[in-house]
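Peer 1: Input structure: model_37.pdb, which contains PDB, C-alpha atoms.
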```
ATOM      1  CA  MET W 923      -4.387-117.371  33.070  1.00  0.00           C
ATOM      2  CA  ASP W 924      -4.044-113.619  33.499  1.00  0.00           C
ATOM      3  CA  GLY W 925      -2.829-113.362  29.914  1.00  0.00           C
ATOM      4  CA  GLU W 926      -5.949-115.168  28.650  1.00  0.00           C
ATOM      5  CA  ILE W 927      -8.175-112.730  30.565  1.00  0.00           C
ATOM      6  CA  ASP W 928      -6.320-109.772  29.071  1.00  0.00           C
ATOM      7  CA  GLU W 929      -6.830-111.181  25.567  1.00  0.00           C
ATOM      8  CA  ARG W 930     -10.562-111.707  26.140  1.00  0.00           C
ATOM      9  CA  LEU W 931     -10.968-108.205  27.491  1.00  0.00           C
ATOM     10  CA  SER W 932      -9.145-106.680  24.522  1.00  0.00           C
ATOM     11  CA  ALA W 933     -11.390-108.619  22.132  1.00  0.00           C
ATOM     12  CA  GLU W 934     -14.623-107.363  23.694  1.00  0.00           C
ATOM     13  CA  PRO W 935     -16.492-104.650  21.763  1.00  0.00           C
ATOM     14  CA  ARG W 936     -16.162-101.066  22.925  1.00  0.00           C
ATOM     15  CA  PRO W 937     -18.977 -99.788  25.155  1.00  0.00           C
ATOM     16  CA  ARG W 938     -21.684 -97.842  23.360  1.00  0.00           C
ATOM     17  CA  GLY W 939     -20.718 -94.198  22.994  1.00  0.00           C
ATOM     18  CA  ALA W 940     -16.990 -94.867  23.300  1.00  0.00           C
ATOM     19  CA  VAL W 941     -14.739 -92.747  21.096  1.00  0.00           C
ATOM     20  CA  PRO W 942     -13.407 -94.814  18.167  1.00  0.00           C
ATOM     21  CA  PRO W 943      -9.659 -95.048  17.741  1.00  0.00           C
ATOM     22  CA  PRO W 944      -8.160 -92.373  15.409  1.00  0.00           C
ATOM     23  CA  ARG W 945      -7.500 -94.779  12.526  1.00  0.00           C
ATOM     24  CA  GLU W 946     -11.077 -96.035  12.499  1.00  0.00           C
ATOM     25  CA  ALA W 947     -12.479 -92.497  12.581  1.00  0.00           C
ATOM     26  CA  LEU W 948     -10.185 -91.377   9.775  1.00  0.00           C
ATOM     27  CA  ASP W 949     -11.084 -94.396   7.643  1.00  0.00           C
ATOM     28  CA  ARG W 950     -14.767 -93.624   8.102  1.00  0.00           C
ATOM     29  CA  GLU W 951     -14.288 -89.983   7.111  1.00  0.00           C
ATOM     30  CA  GLU W 952     -12.239 -90.929   4.055  1.00  0.00           C
ATOM     31  CA  GLN W 953     -14.952 -93.363   2.944  1.00  0.00           C
ATOM     32  CA  LEU W 954     -17.597 -90.655   3.312  1.00  0.00           C
ATOM     33  CA  ILE W 955     -15.522 -88.209   1.288  1.00  0.00           C
ATOM     34  CA  ARG W 956     -14.734 -90.783  -1.402  1.00  0.00           C
ATOM     35  CA  ASP W 957     -18.422 -91.649  -1.782  1.00  0.00           C
ATOM     36  CA  SER W 958     -19.287 -87.964  -2.060  1.00  0.00           C
ATOM     37  CA  VAL W 959     -16.678 -87.475  -4.784  1.00  0.00           C
ATOM     38  CA  LEU W 960     -18.114 -90.418  -6.725  1.00  0.00           C
ATOM     39  CA  ARG W 961     -21.637 -89.017  -6.469  1.00  0.00           C
ATOM     40  CA  MET W 962     -20.353 -85.702  -7.765  1.00  0.00           C
ATOM     41  CA  GLY W 963     -18.624 -87.491 -10.638  1.00  0.00           C
ATOM     42  CA  ALA W 964     -21.881 -89.266 -11.505  1.00  0.00           C
ATOM     43  CA  LEU W 965     -23.621 -85.883 -11.708  1.00  0.00           C
ATOM     44  CA  VAL W 966     -20.951 -84.592 -14.072  1.00  0.00           C
ATOM     45  CA  GLU W 967     -21.109 -87.682 -16.280  1.00  0.00           C
ATOM     46  CA  SER W 968     -24.900 -87.375 -16.446  1.00  0.00           C
ATOM     47  CA  ALA W 969     -24.675 -83.685 -17.349  1.00  0.00           C
ATOM     48  CA  ILE W 970     -22.383 -84.445 -20.293  1.00  0.00           C
ATOM     49  CA  ARG W 971     -24.696 -87.167 -21.595  1.00  0.00           C
ATOM     50  CA  GLN W 972     -27.779 -84.988 -21.150  1.00  0.00           C
ATOM     51  CA  ALA W 973     -26.161 -82.118 -23.045  1.00  0.00           C
ATOM     52  CA  SER W 974     -25.384 -84.528 -25.878  1.00  0.00           C
ATOM     53  CA  ARG W 975     -28.953 -85.877 -25.927  1.00  0.00           C
ATOM     54  CA  ALA W 976     -30.293 -82.336 -25.938  1.00  0.00           C
ATOM     55  CA  LEU W 977     -28.124 -81.573 -28.962  1.00  0.00           C
ATOM     56  CA  SER W 978     -29.187 -84.634 -30.953  1.00  0.00           C
ATOM     57  CA  ALA W 979     -32.881 -84.229 -30.074  1.00  0.00           C
ATOM     58  CA  HIS W 980     -32.996 -80.421 -30.457  1.00  0.00           C
ATOM     59  CA  ASP W 981     -34.304 -80.431 -26.894  1.00  0.00           C
ATOM     60  CA  ALA W 982     -33.936 -76.930 -25.474  1.00  0.00           C
ATOM     61  CA  ALA W 983     -35.751 -77.902 -22.256  1.00  0.00           C
ATOM     62  CA  LEU W 984     -33.225 -80.665 -21.541  1.00  0.00           C
ATOM     63  CA  ALA W 985     -30.363 -78.275 -22.283  1.00  0.00           C
ATOM     64  CA  LEU W 986     -31.861 -75.851 -19.777  1.00  0.00           C
ATOM     65  CA  ASP W 987     -32.013 -78.645 -17.183  1.00  0.00           C
ATOM     66  CA  VAL W 988     -28.271 -79.181 -17.638  1.00  0.00           C
ATOM     67  CA  ILE W 989     -27.599 -75.489 -17.132  1.00  0.00           C
ATOM     68  CA  LYS W 990     -29.715 -75.373 -13.979  1.00  0.00           C
ATOM     69  CA  GLY W 991     -28.177 -78.610 -12.706  1.00  0.00           C
ATOM     70  CA  ASP W 992     -24.715 -77.042 -12.676  1.00  0.00           C
ATOM     71  CA  ALA W 993     -25.654 -75.349  -9.406  1.00  0.00           C
ATOM     72  CA  ILE W 994     -26.114 -78.780  -7.825  1.00  0.00           C
ATOM     73  CA  ILE W 995     -22.632 -79.820  -8.954  1.00  0.00           C
ATOM     74  CA  ASN W 996     -21.194 -76.597  -7.557  1.00  0.00           C
ATOM     75  CA  GLU W 997     -22.845 -77.188  -4.197  1.00  0.00           C
ATOM     76  CA  ALA W 998     -21.590 -80.782  -4.162  1.00  0.00           C
ATOM     77  CA  GLN W 999     -18.057 -79.507  -4.650  1.00  0.00           C
ATOM     78  CA  ARG W1000     -18.381 -77.055  -1.792  1.00  0.00           C
ATOM     79  CA  GLY W1001     -19.788 -79.786   0.436  1.00  0.00           C
ATOM     80  CA  VAL W1002     -16.914 -82.175  -0.240  1.00  0.00           C
ATOM     81  CA  SER W1003     -14.344 -79.429   0.307  1.00  0.00           C
ATOM     82  CA  ARG W1004     -15.918 -78.683   3.681  1.00  0.00           C
ATOM     83  CA  LEU W1005     -15.765 -82.361   4.634  1.00  0.00           C
ATOM     84  CA  ILE W1006     -12.100 -82.525   3.676  1.00  0.00           C
ATOM     85  CA  ALA W1007     -11.252 -79.371   5.614  1.00  0.00           C
ATOM     86  CA  VAL W1008     -13.013 -80.647   8.746  1.00  0.00           C
ATOM     87  CA  THR W1009     -11.344 -84.054   8.463  1.00  0.00           C
ATOM     88  CA  ILE W1010      -7.886 -82.524   8.146  1.00  0.00           C
ATOM     89  CA  ALA W1011      -8.576 -80.223  11.112  1.00  0.00           C
ATOM     90  CA  THR W1012     -10.004 -82.900  13.414  1.00  0.00           C
ATOM     91  CA  GLN W1013      -8.096 -86.037  12.403  1.00  0.00           C
ATOM     92  CA  ALA W1014      -4.691 -84.476  11.655  1.00  0.00           C
ATOM     93  CA  PRO W1015      -3.862 -86.956   8.877  1.00  0.00           C
ATOM     94  CA  VAL W1016      -0.236 -87.319   7.791  1.00  0.00           C
ATOM     95  CA  ALA W1017       1.726 -88.925   4.968  1.00  0.00           C
ATOM     96  CA  ARG W1018      -0.419 -90.870   2.522  1.00  0.00           C
ATOM     97  CA  ASP W1019      -3.734 -89.993   4.197  1.00  0.00           C
ATOM     98  CA  LEU W1020      -3.064 -86.281   3.870  1.00  0.00           C
ATOM     99  CA  ARG W1021      -1.956 -86.732   0.274  1.00  0.00           C
ATOM    100  CA  TYR W1022      -5.123 -88.711  -0.439  1.00  0.00           C
ATOM    101  CA  LEU W1023      -7.417 -86.044   1.004  1.00  0.00           C
ATOM    102  CA  LEU W1024      -5.660 -83.220  -0.820  1.00  0.00           C
ATOM    103  CA  THR W1025      -5.881 -85.236  -4.036  1.00  0.00           C
ATOM    104  CA  LEU W1026      -9.627 -85.704  -3.590  1.00  0.00           C
ATOM    105  CA  ASP W1027      -9.999 -81.975  -3.014  1.00  0.00           C
ATOM    106  CA  HIS W1028      -8.296 -81.272  -6.338  1.00  0.00           C
ATOM    107  CA  VAL W1029     -10.447 -83.923  -8.037  1.00  0.00           C
ATOM    108  CA  THR W1030     -13.588 -82.090  -6.908  1.00  0.00           C
ATOM    109  CA  TYR W1031     -12.197 -78.876  -8.402  1.00  0.00           C
ATOM    110  CA  GLU W1032     -11.655 -80.575 -11.755  1.00  0.00           C
ATOM    111  CA  LEU W1033     -15.135 -82.149 -11.629  1.00  0.00           C
ATOM    112  CA  GLU W1034     -16.712 -78.789 -10.850  1.00  0.00           C
ATOM    113  CA  ARG W1035     -15.003 -77.268 -13.893  1.00  0.00           C
ATOM    114  CA  MET W1036     -16.213 -80.185 -16.028  1.00  0.00           C
ATOM    115  CA  GLY W1037     -19.727 -79.408 -14.854  1.00  0.00           C
ATOM    116  CA  ASP W1038     -19.215 -75.813 -15.974  1.00  0.00           C
ATOM    117  CA  HIS W1039     -18.061 -77.051 -19.380  1.00  0.00           C
ATOM    118  CA  ALA W1040     -21.103 -79.332 -19.724  1.00  0.00           C
ATOM    119  CA  ALA W1041     -23.333 -76.342 -18.926  1.00  0.00           C
ATOM    120  CA  SER W1042     -21.483 -74.297 -21.558  1.00  0.00           C
ATOM    121  CA  VAL W1043     -22.158 -77.020 -24.132  1.00  0.00           C
ATOM    122  CA  ALA W1044     -25.829 -76.902 -23.122  1.00  0.00           C
ATOM    123  CA  LYS W1045     -25.863 -73.122 -23.638  1.00  0.00           C
ATOM    124  CA  ALA W1046     -24.616 -73.668 -27.182  1.00  0.00           C
ATOM    125  CA  VAL W1047     -27.350 -76.297 -27.637  1.00  0.00           C
ATOM    126  CA  LEU W1048     -29.986 -73.720 -26.661  1.00  0.00           C
ATOM    127  CA  LYS W1049     -28.903 -71.615 -29.632  1.00  0.00           C
ATOM    128  CA  LEU W1050     -28.546 -74.580 -32.002  1.00  0.00           C
ATOM    129  CA  ALA W1051     -31.819 -76.316 -31.107  1.00  0.00           C
ATOM    130  CA  PRO W1052     -34.165 -74.118 -33.193  1.00  0.00           C
ATOM    131  CA  GLU W1053     -32.013 -74.506 -36.328  1.00  0.00           C
ATOM    132  CA  PRO W1054     -31.531 -77.516 -38.622  1.00  0.00           C
ATOM    133  CA  PRO W1055     -28.357 -79.455 -37.774  1.00  0.00           C
ATOM    134  CA  LEU W1056     -25.201 -78.522 -39.629  1.00  0.00           C
ATOM    135  CA  LYS W1057     -23.750 -81.782 -40.949  1.00  0.00           C
ATOM    136  CA  GLN W1058     -25.323 -83.610 -37.963  1.00  0.00           C
ATOM    137  CA  TYR W1059     -23.146 -81.467 -35.688  1.00  0.00           C
ATOM    138  CA  VAL W1060     -20.002 -83.004 -37.159  1.00  0.00           C
ATOM    139  CA  HIS W1061     -18.221 -84.920 -34.339  1.00  0.00           C
ATOM    140  CA  LEU W1062     -19.933 -83.375 -31.307  1.00  0.00           C
ATOM    141  CA  PRO W1063     -22.044 -86.432 -30.350  1.00  0.00           C
ATOM    142  CA  GLU W1064     -19.015 -88.746 -30.458  1.00  0.00           C
ATOM    143  CA  MET W1065     -16.889 -86.267 -28.514  1.00  0.00           C
ATOM    144  CA  ALA W1066     -19.548 -86.006 -25.812  1.00  0.00           C
ATOM    145  CA  GLU W1067     -19.845 -89.778 -25.461  1.00  0.00           C
ATOM    146  CA  ARG W1068     -16.086 -90.190 -25.243  1.00  0.00           C
ATOM    147  CA  ALA W1069     -15.870 -87.407 -22.663  1.00  0.00           C
ATOM    148  CA  ALA W1070     -18.526 -89.082 -20.478  1.00  0.00           C
ATOM    149  CA  VAL W1071     -16.714 -92.424 -20.751  1.00  0.00           C
ATOM    150  CA  LEU W1072     -13.457 -90.712 -19.759  1.00  0.00           C
ATOM    151  CA  VAL W1073     -15.026 -89.229 -16.624  1.00  0.00           C
ATOM    152  CA  HIS W1074     -16.394 -92.628 -15.633  1.00  0.00           C
ATOM    153  CA  GLY W1075     -13.069 -94.332 -16.321  1.00  0.00           C
ATOM    154  CA  VAL W1076     -10.899 -91.913 -14.411  1.00  0.00           C
ATOM    155  CA  LEU W1077     -13.133 -92.184 -11.339  1.00  0.00           C
ATOM    156  CA  LEU W1078     -12.766 -95.960 -11.485  1.00  0.00           C
ATOM    157  CA  ALA W1079      -9.005 -95.492 -11.632  1.00  0.00           C
ATOM    158  CA  LEU W1080      -9.246 -93.274  -8.558  1.00  0.00           C
ATOM    159  CA  VAL W1081     -11.343 -95.751  -6.567  1.00  0.00           C
ATOM    160  CA  GLU W1082      -9.116 -98.666  -7.506  1.00  0.00           C
ATOM    161  CA  SER W1083      -5.862 -96.690  -7.141  1.00  0.00           C
ATOM    162  CA  ASP W1084      -4.987 -97.934 -10.624  1.00  0.00           C
ATOM    163  CA  ALA W1085      -2.120 -95.974 -12.176  1.00  0.00           C
ATOM    164  CA  VAL W1086      -2.191 -98.094 -15.354  1.00  0.00           C
ATOM    165  CA  ARG W1087      -5.850 -97.283 -15.984  1.00  0.00           C
ATOM    166  CA  ALA W1088      -5.147 -93.631 -15.208  1.00  0.00           C
ATOM    167  CA  ARG W1089      -2.415 -93.456 -17.825  1.00  0.00           C
ATOM    168  CA  GLN W1090      -4.794 -95.048 -20.339  1.00  0.00           C
ATOM    169  CA  ILE W1091      -7.201 -92.153 -19.780  1.00  0.00           C
ATOM    170  CA  ALA W1092      -4.613 -89.785 -21.226  1.00  0.00           C
ATOM    171  CA  VAL W1093      -4.244 -91.996 -24.299  1.00  0.00           C
ATOM    172  CA  GLU W1094      -8.010 -92.013 -24.811  1.00  0.00           C
ATOM    173  CA  ASP W1095      -8.110 -88.238 -24.437  1.00  0.00           C
ATOM    174  CA  ASP W1096      -5.892 -88.010 -27.523  1.00  0.00           C
ATOM    175  CA  GLU W1097      -8.857 -89.225 -29.593  1.00  0.00           C
ATOM    176  CA  ILE W1098     -11.042 -86.421 -28.239  1.00  0.00           C
ATOM    177  CA  ASP W1099      -8.301 -83.972 -29.192  1.00  0.00           C
ATOM    178  CA  ARG W1100      -8.222 -85.445 -32.696  1.00  0.00           C
ATOM    179  CA  LEU W1101     -11.997 -85.118 -33.051  1.00  0.00           C
ATOM    180  CA  TYR W1102     -11.824 -81.536 -31.839  1.00  0.00           C
ATOM    181  CA  HIS W1103      -9.287 -80.564 -34.493  1.00  0.00           C
ATOM    182  CA  ALA W1104     -11.247 -82.459 -37.146  1.00  0.00           C
ATOM    183  CA  THR W1105     -14.433 -80.653 -36.104  1.00  0.00           C
ATOM    184  CA  PHE W1106     -12.709 -77.300 -36.295  1.00  0.00           C
ATOM    185  CA  ASP W1107     -11.326 -77.962 -39.779  1.00  0.00           C
ATOM    186  CA  GLU W1108     -14.602 -79.332 -41.165  1.00  0.00           C
ATOM    187  CA  VAL W1109     -16.715 -76.518 -39.732  1.00  0.00           C
ATOM    188  CA  VAL W1110     -14.376 -73.855 -41.086  1.00  0.00           C
ATOM    189  CA  GLU W1111     -14.769 -75.378 -44.554  1.00  0.00           C
ATOM    190  CA  LEU W1112     -18.566 -75.390 -44.172  1.00  0.00           C
ATOM    191  CA  MET W1113     -18.520 -71.720 -43.159  1.00  0.00           C
ATOM    192  CA  ARG W1114     -16.310 -70.833 -46.115  1.00  0.00           C
ATOM    193  CA  ALA W1115     -18.624 -72.659 -48.460  1.00  0.00           C
ATOM    194  CA  ASP W1116     -21.754 -70.858 -47.242  1.00  0.00           C
ATOM    195  CA  PRO W1117     -21.908 -67.748 -45.016  1.00  0.00           C
ATOM    196  CA  ALA W1118     -25.290 -69.003 -43.741  1.00  0.00           C
ATOM    197  CA  ASN W1119     -23.362 -71.657 -41.834  1.00  0.00           C
ATOM    198  CA  VAL W1120     -21.278 -69.182 -39.848  1.00  0.00           C
ATOM    199  CA  GLU W1121     -23.487 -68.787 -36.773  1.00  0.00           C
ATOM    200  CA  ARG W1122     -24.211 -72.494 -36.347  1.00  0.00           C
ATOM    201  CA  GLY W1123     -20.634 -73.378 -37.191  1.00  0.00           C
ATOM    202  CA  THR W1124     -19.281 -70.990 -34.574  1.00  0.00           C
ATOM    203  CA  ARG W1125     -21.483 -72.516 -31.872  1.00  0.00           C
ATOM    204  CA  ILE W1126     -20.393 -76.022 -32.870  1.00  0.00           C
ATOM    205  CA  ILE W1127     -16.741 -75.023 -32.566  1.00  0.00           C
ATOM    206  CA  ILE W1128     -17.417 -73.457 -29.147  1.00  0.00           C
ATOM    207  CA  ALA W1129     -19.189 -76.604 -27.933  1.00  0.00           C
ATOM    208  CA  SER W1130     -16.393 -78.831 -29.231  1.00  0.00           C
ATOM    209  CA  HIS W1131     -13.859 -76.706 -27.365  1.00  0.00           C
ATOM    210  CA  TYR W1132     -15.655 -77.284 -24.062  1.00  0.00           C
ATOM    211  CA  LEU W1133     -15.856 -81.035 -24.689  1.00  0.00           C
ATOM    212  CA  GLU W1134     -12.133 -81.046 -25.453  1.00  0.00           C
ATOM    213  CA  ARG W1135     -11.507 -79.271 -22.144  1.00  0.00           C
ATOM    214  CA  ILE W1136     -13.488 -81.957 -20.294  1.00  0.00           C
ATOM    215  CA  GLY W1137     -11.070 -84.520 -21.721  1.00  0.00           C
ATOM    216  CA  ASP W1138      -8.108 -82.446 -20.568  1.00  0.00           C
ATOM    217  CA  ARG W1139      -9.518 -82.210 -17.054  1.00  0.00           C
ATOM    218  CA  ALA W1140     -10.089 -85.959 -16.941  1.00  0.00           C
ATOM    219  CA  THR W1141      -6.389 -86.280 -17.771  1.00  0.00           C
ATOM    220  CA  ASN W1142      -5.594 -83.906 -14.901  1.00  0.00           C
ATOM    221  CA  ILE W1143      -7.420 -86.254 -12.532  1.00  0.00           C
ATOM    222  CA  ALA W1144      -5.516 -89.171 -14.073  1.00  0.00           C
ATOM    223  CA  GLU W1145      -2.281 -87.374 -13.155  1.00  0.00           C
ATOM    224  CA  ASP W1146      -3.594 -87.042  -9.593  1.00  0.00           C
ATOM    225  CA  VAL W1147      -4.221 -90.785  -9.484  1.00  0.00           C
ATOM    226  CA  VAL W1148      -0.712 -91.567 -10.723  1.00  0.00           C
ATOM    227  CA  TYR W1149       0.746 -89.236  -8.097  1.00  0.00           C
ATOM    228  CA  LEU W1150      -1.404 -90.792  -5.376  1.00  0.00           C
ATOM    229  CA  VAL W1151      -0.307 -94.320  -6.276  1.00  0.00           C
ATOM    230  CA  THR W1152       3.352 -93.776  -7.132  1.00  0.00           C
ATOM    231  CA  GLY W1153       4.307 -90.509  -5.475  1.00  0.00           C
ATOM    232  CA  ASP W1154       5.642 -89.316  -8.847  1.00  0.00           C
ATOM    233  CA  VAL W1155       4.440 -86.288 -10.754  1.00  0.00           C
ATOM    234  CA  GLU W1156       3.822 -87.260 -14.397  1.00  0.00           C
ATOM    235  CA  ASP W1157       2.677 -84.948 -17.187  1.00  0.00           C
ATOM    236  CA  LEU W1158       0.145 -87.057 -19.057  1.00  0.00           C
ATOM    237  CA  ASN W1159      -0.992 -84.204 -21.264  1.00  0.00           C
ATOM    238  CA  PRO W1160       2.175 -82.572 -22.609  1.00  0.00           C
TER
END
```
Represent the structure of the file as structure tokens.

Peer 2:
Amino acid sequence: MDGEIDERLSAEPRPRGAVPPPREALDREEQLIRDSVLRMGALVESAIRQASRALSAHDAALALDVIKGDAIINEAQRGVSRLIAVTIATQAPVARDLRYLLTLDHVTYELERMGDHAASVAKAVLKLAPEPPLKQYVHLPEMAERAAVLVHGVLLALVESDAVRARQIAVEDDEIDRLYHATFDEVVELMRADPANVERGTRIIIASHYLERIGDRATNIAEDVVYLVTGDVEDLNP
């Protein structure tokens, strides 16, 4: 009989205002941080797509919005880092929880740099917008779309703790690398053929470089995911 009473008492909900057990509090903090990282990733993905639309539409105003929006991404990164620091200080996570939080902190760094790269593409668009397109900007639109898809995919891999999907991100990044080299070669030929193409061609090459870097940073996050899931450090972008 006494055992039954003990079981009923242990099953009753905690009184209002009671301090939650450490595991529950840590889980709640990790969920908050994870959601914040995903919101930041959505901002980065949107910035890449907007920069691409600005390029195709010769929309200098939209390009300027991307540049201004980088400050929001930067602030998001600082906010998540503060959350992680407070959680580590107050919850004292160990083992996998600590590794998870430190991984998310590095992910926010990579996302913040991607936001910088998207803003740099938009700055090139500001200069390109008043001029007629040079060979429809070669492969820039396709590179931008692939980069946005990569960001979305690697965040899914993070949420799902999917090392297989993460490794696939690195394979897909190889196509962005190929398009970057193809863009470089084609633009150089266009500049050789006509000196009037030099200024536009240079800006296209600069923009393609930043899109290529976004792909590399998505691969860096993919490596974080693999490490988080397996505990092994793998170089997915040799």

Peer 1: Which of these residues is nearest to Asp1099 (chain W), using all atoms listed in the file: W:Pro1063, W:Pro1117, W:Gly1137, W:Gly1123?

Peer 2: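 Using all atoms listed in the file, the shortest distance to Asp1099 (chain W) belongs to W:Gly1137.
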
Peer 1: Taking the file as shown, what set of residues would the PyMOL selection byres ((chain W and resi 1129) around 8) give back, as an NGL selection string?

Peer 2: :W and (1042-1043 or 1046 or 1062 or 1125-1128 or 1130-1133)

Peer 1: For the provided coordinates, the residues matched by the PyMOL selection byres ((chain W and resi 979) around 12) should be stated as a list in words.

Peer 2: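 The output of the PyMOL selection byres ((chain W and resi 979) around 12) on this file is Gln972, Ala973, Ser974, Arg975, Ala976, Leu977, Ser978, His980, Asp981, Ala982, Ala983, Leu984, Ala985, Val1047, Leu1048, Leu1050, Ala1051, Pro1052, Glu1053, Pro1054, Pro1055, Gln1058, Tyr1059 and Pro1063 of chain W.
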
Peer 1: Record the distance separating CA of Ile970 (chain W) and CA of Ala1040 (chain W), expressed in Å with one decimal.

Peer 2: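 The value is 5.3 Å.
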
Peer 1: Quick one, how far is CA of Lys1045 (chain W) from CA of Val1076 (chain W)?

Peer 2: 25.7 Å

Peer 1: Neighbouring residues of Thr1009 (chain W) were defined as those with any atom within 7 Å, considering only C-alpha atoms; residues of the same chain fewer than 4 positions away were excluded. Please report them as an mmCIF file with C-alpha atoms, keeping the file's coordinate frame.

Peer 2:
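What ended up in part_31.cif:
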```cif
data_model
loop_
_atom_site.group_PDB
_atom_site.id
_atom_site.type_symbol
_atom_site.label_atom_id
_atom_site.label_comp_id
_atom_site.auth_asym_id
_atom_site.auth_seq_id
_atom_site.Cartn_x
_atom_site.Cartn_y
_atom_site.Cartn_z
ATOM 1 C CA GLU W 951 -14.288 -89.983 7.111
ATOM 2 C CA LEU W 1005 -15.765 -82.361 4.634
ATOM 3 C CA GLN W 1013 -8.096 -86.037 12.403
#
```

Peer 1: If the box runs along x, y and z of the file and leaves 8 Å on each side of region 977-989 of chain W, what are its centre and edge lengths in Å, one decimal, as lines of an AutoDock Vina configuration file?

Peer 2:
```
center_x = -31.7
center_y = -80.1
center_z = -24.0
size_x = 24.2
size_y = 25.1
size_z = 29.8
```

Peer 1: Quick one: everything within 12 Å of Asp1138 (chain W), counting all atoms listed in the file, minus sequence neighbours fewer than 5 positions away in the same chain. Send it as a PDB file with C-alpha atoms, keeping the file's coordinate frame.

Peer 2:
```
ATOM      1  CA  GLU W1032     -11.655 -80.575 -11.755  1.00  0.00           C
ATOM      2  CA  LEU W1033     -15.135 -82.149 -11.629  1.00  0.00           C
ATOM      3  CA  ARG W1035     -15.003 -77.268 -13.893  1.00  0.00           C
ATOM      4  CA  MET W1036     -16.213 -80.185 -16.028  1.00  0.00           C
ATOM      5  CA  HIS W1039     -18.061 -77.051 -19.380  1.00  0.00           C
ATOM      6  CA  ALA W1069     -15.870 -87.407 -22.663  1.00  0.00           C
ATOM      7  CA  LEU W1072     -13.457 -90.712 -19.759  1.00  0.00           C
ATOM      8  CA  VAL W1073     -15.026 -89.229 -16.624  1.00  0.00           C
ATOM      9  CA  VAL W1076     -10.899 -91.913 -14.411  1.00  0.00           C
ATOM     10  CA  ILE W1091      -7.201 -92.153 -19.780  1.00  0.00           C
ATOM     11  CA  ALA W1092      -4.613 -89.785 -21.226  1.00  0.00           C
ATOM     12  CA  VAL W1093      -4.244 -91.996 -24.299  1.00  0.00           C
ATOM     13  CA  GLU W1094      -8.010 -92.013 -24.811  1.00  0.00           C
ATOM     14  CA  ASP W1095      -8.110 -88.238 -24.437  1.00  0.00           C
ATOM     15  CA  ASP W1096      -5.892 -88.010 -27.523  1.00  0.00           C
ATOM     16  CA  GLU W1097      -8.857 -89.225 -29.593  1.00  0.00           C
ATOM     17  CA  ILE W1098     -11.042 -86.421 -28.239  1.00  0.00           C
ATOM     18  CA  ASP W1099      -8.301 -83.972 -29.192  1.00  0.00           C
ATOM     19  CA  TYR W1102     -11.824 -81.536 -31.839  1.00  0.00           C
ATOM     20  CA  HIS W1131     -13.859 -76.706 -27.365  1.00  0.00           C
ATOM     21  CA  TYR W1132     -15.655 -77.284 -24.062  1.00  0.00           C
ATOM     22  CA  LEU W1133     -15.856 -81.035 -24.689  1.00  0.00           C
ATOM     23  CA  ILE W1143      -7.420 -86.254 -12.532  1.00  0.00           C
ATOM     24  CA  ALA W1144      -5.516 -89.171 -14.073  1.00  0.00           C
ATOM     25  CA  GLU W1145      -2.281 -87.374 -13.155  1.00  0.00           C
ATOM     26  CA  ASP W1157       2.677 -84.948 -17.187  1.00  0.00           C
ATOM     27  CA  LEU W1158       0.145 -87.057 -19.057  1.00  0.00           C
ATOM     28  CA  ASN W1159      -0.992 -84.204 -21.264  1.00  0.00           C
ATOM     29  CA  PRO W1160       2.175 -82.572 -22.609  1.00  0.00           C
TER      30      PRO W1160
END
```

Peer 1: Quick one: which residues end up in the PyMOL selection byres ((chain W and resi 1151) around 8) for this structure, as a ChimeraX atom specification?

Peer 2: /W:1083-1085,1147-1150,1152-1153

Peer 1: Between CA of Lys1049 (chain W) and CA of Arg1122 (chain W), what is the distance, to one decimal in Å?

Peer 2: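 Straight-line distance from CA of Lys1049 (chain W) to CA of Arg1122 (chain W) works out to 8.2 Å.
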
Peer 1: Rank nothing, just name the residue among W:Arg1068, W:Leu1056, W:Arg956, W:Arg1100 nearest to Val1120 (chain W), using all atoms listed in the file.

Peer 2: W:Leu1056

Peer 1: W:Asp957, W:Arg971, W:Arg1087, W:Asp949: which is nearest Pro1015 (chain W), counting only C-alpha atoms?

Peer 2: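 For Pro1015 (chain W), the nearest of the given residues is W:Asp949.
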
Peer 1: I'd like to know which of W:Leu948, W:Ala993, W:Leu1101, W:Ala1066 is closest to Ile1010 (chain W), using only C-alpha atoms.

Peer 2: W:Leu948

Peer 1: Using all atoms listed in the file, which of W:Val1086, W:Met1065, W:Leu1023, W:Ala1104 sits nearest Glu1134 (chain W)?

Peer 2: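 Answer, going by the shortest atom-to-atom distance: W:Met1065.
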
Peer 1: Which one is closest to Ser968 (chain W): W:Val1008, W:Val1081, W:Ala998, W:Gly1037? Count only C-alpha atoms.

Peer 2: W:Gly1037
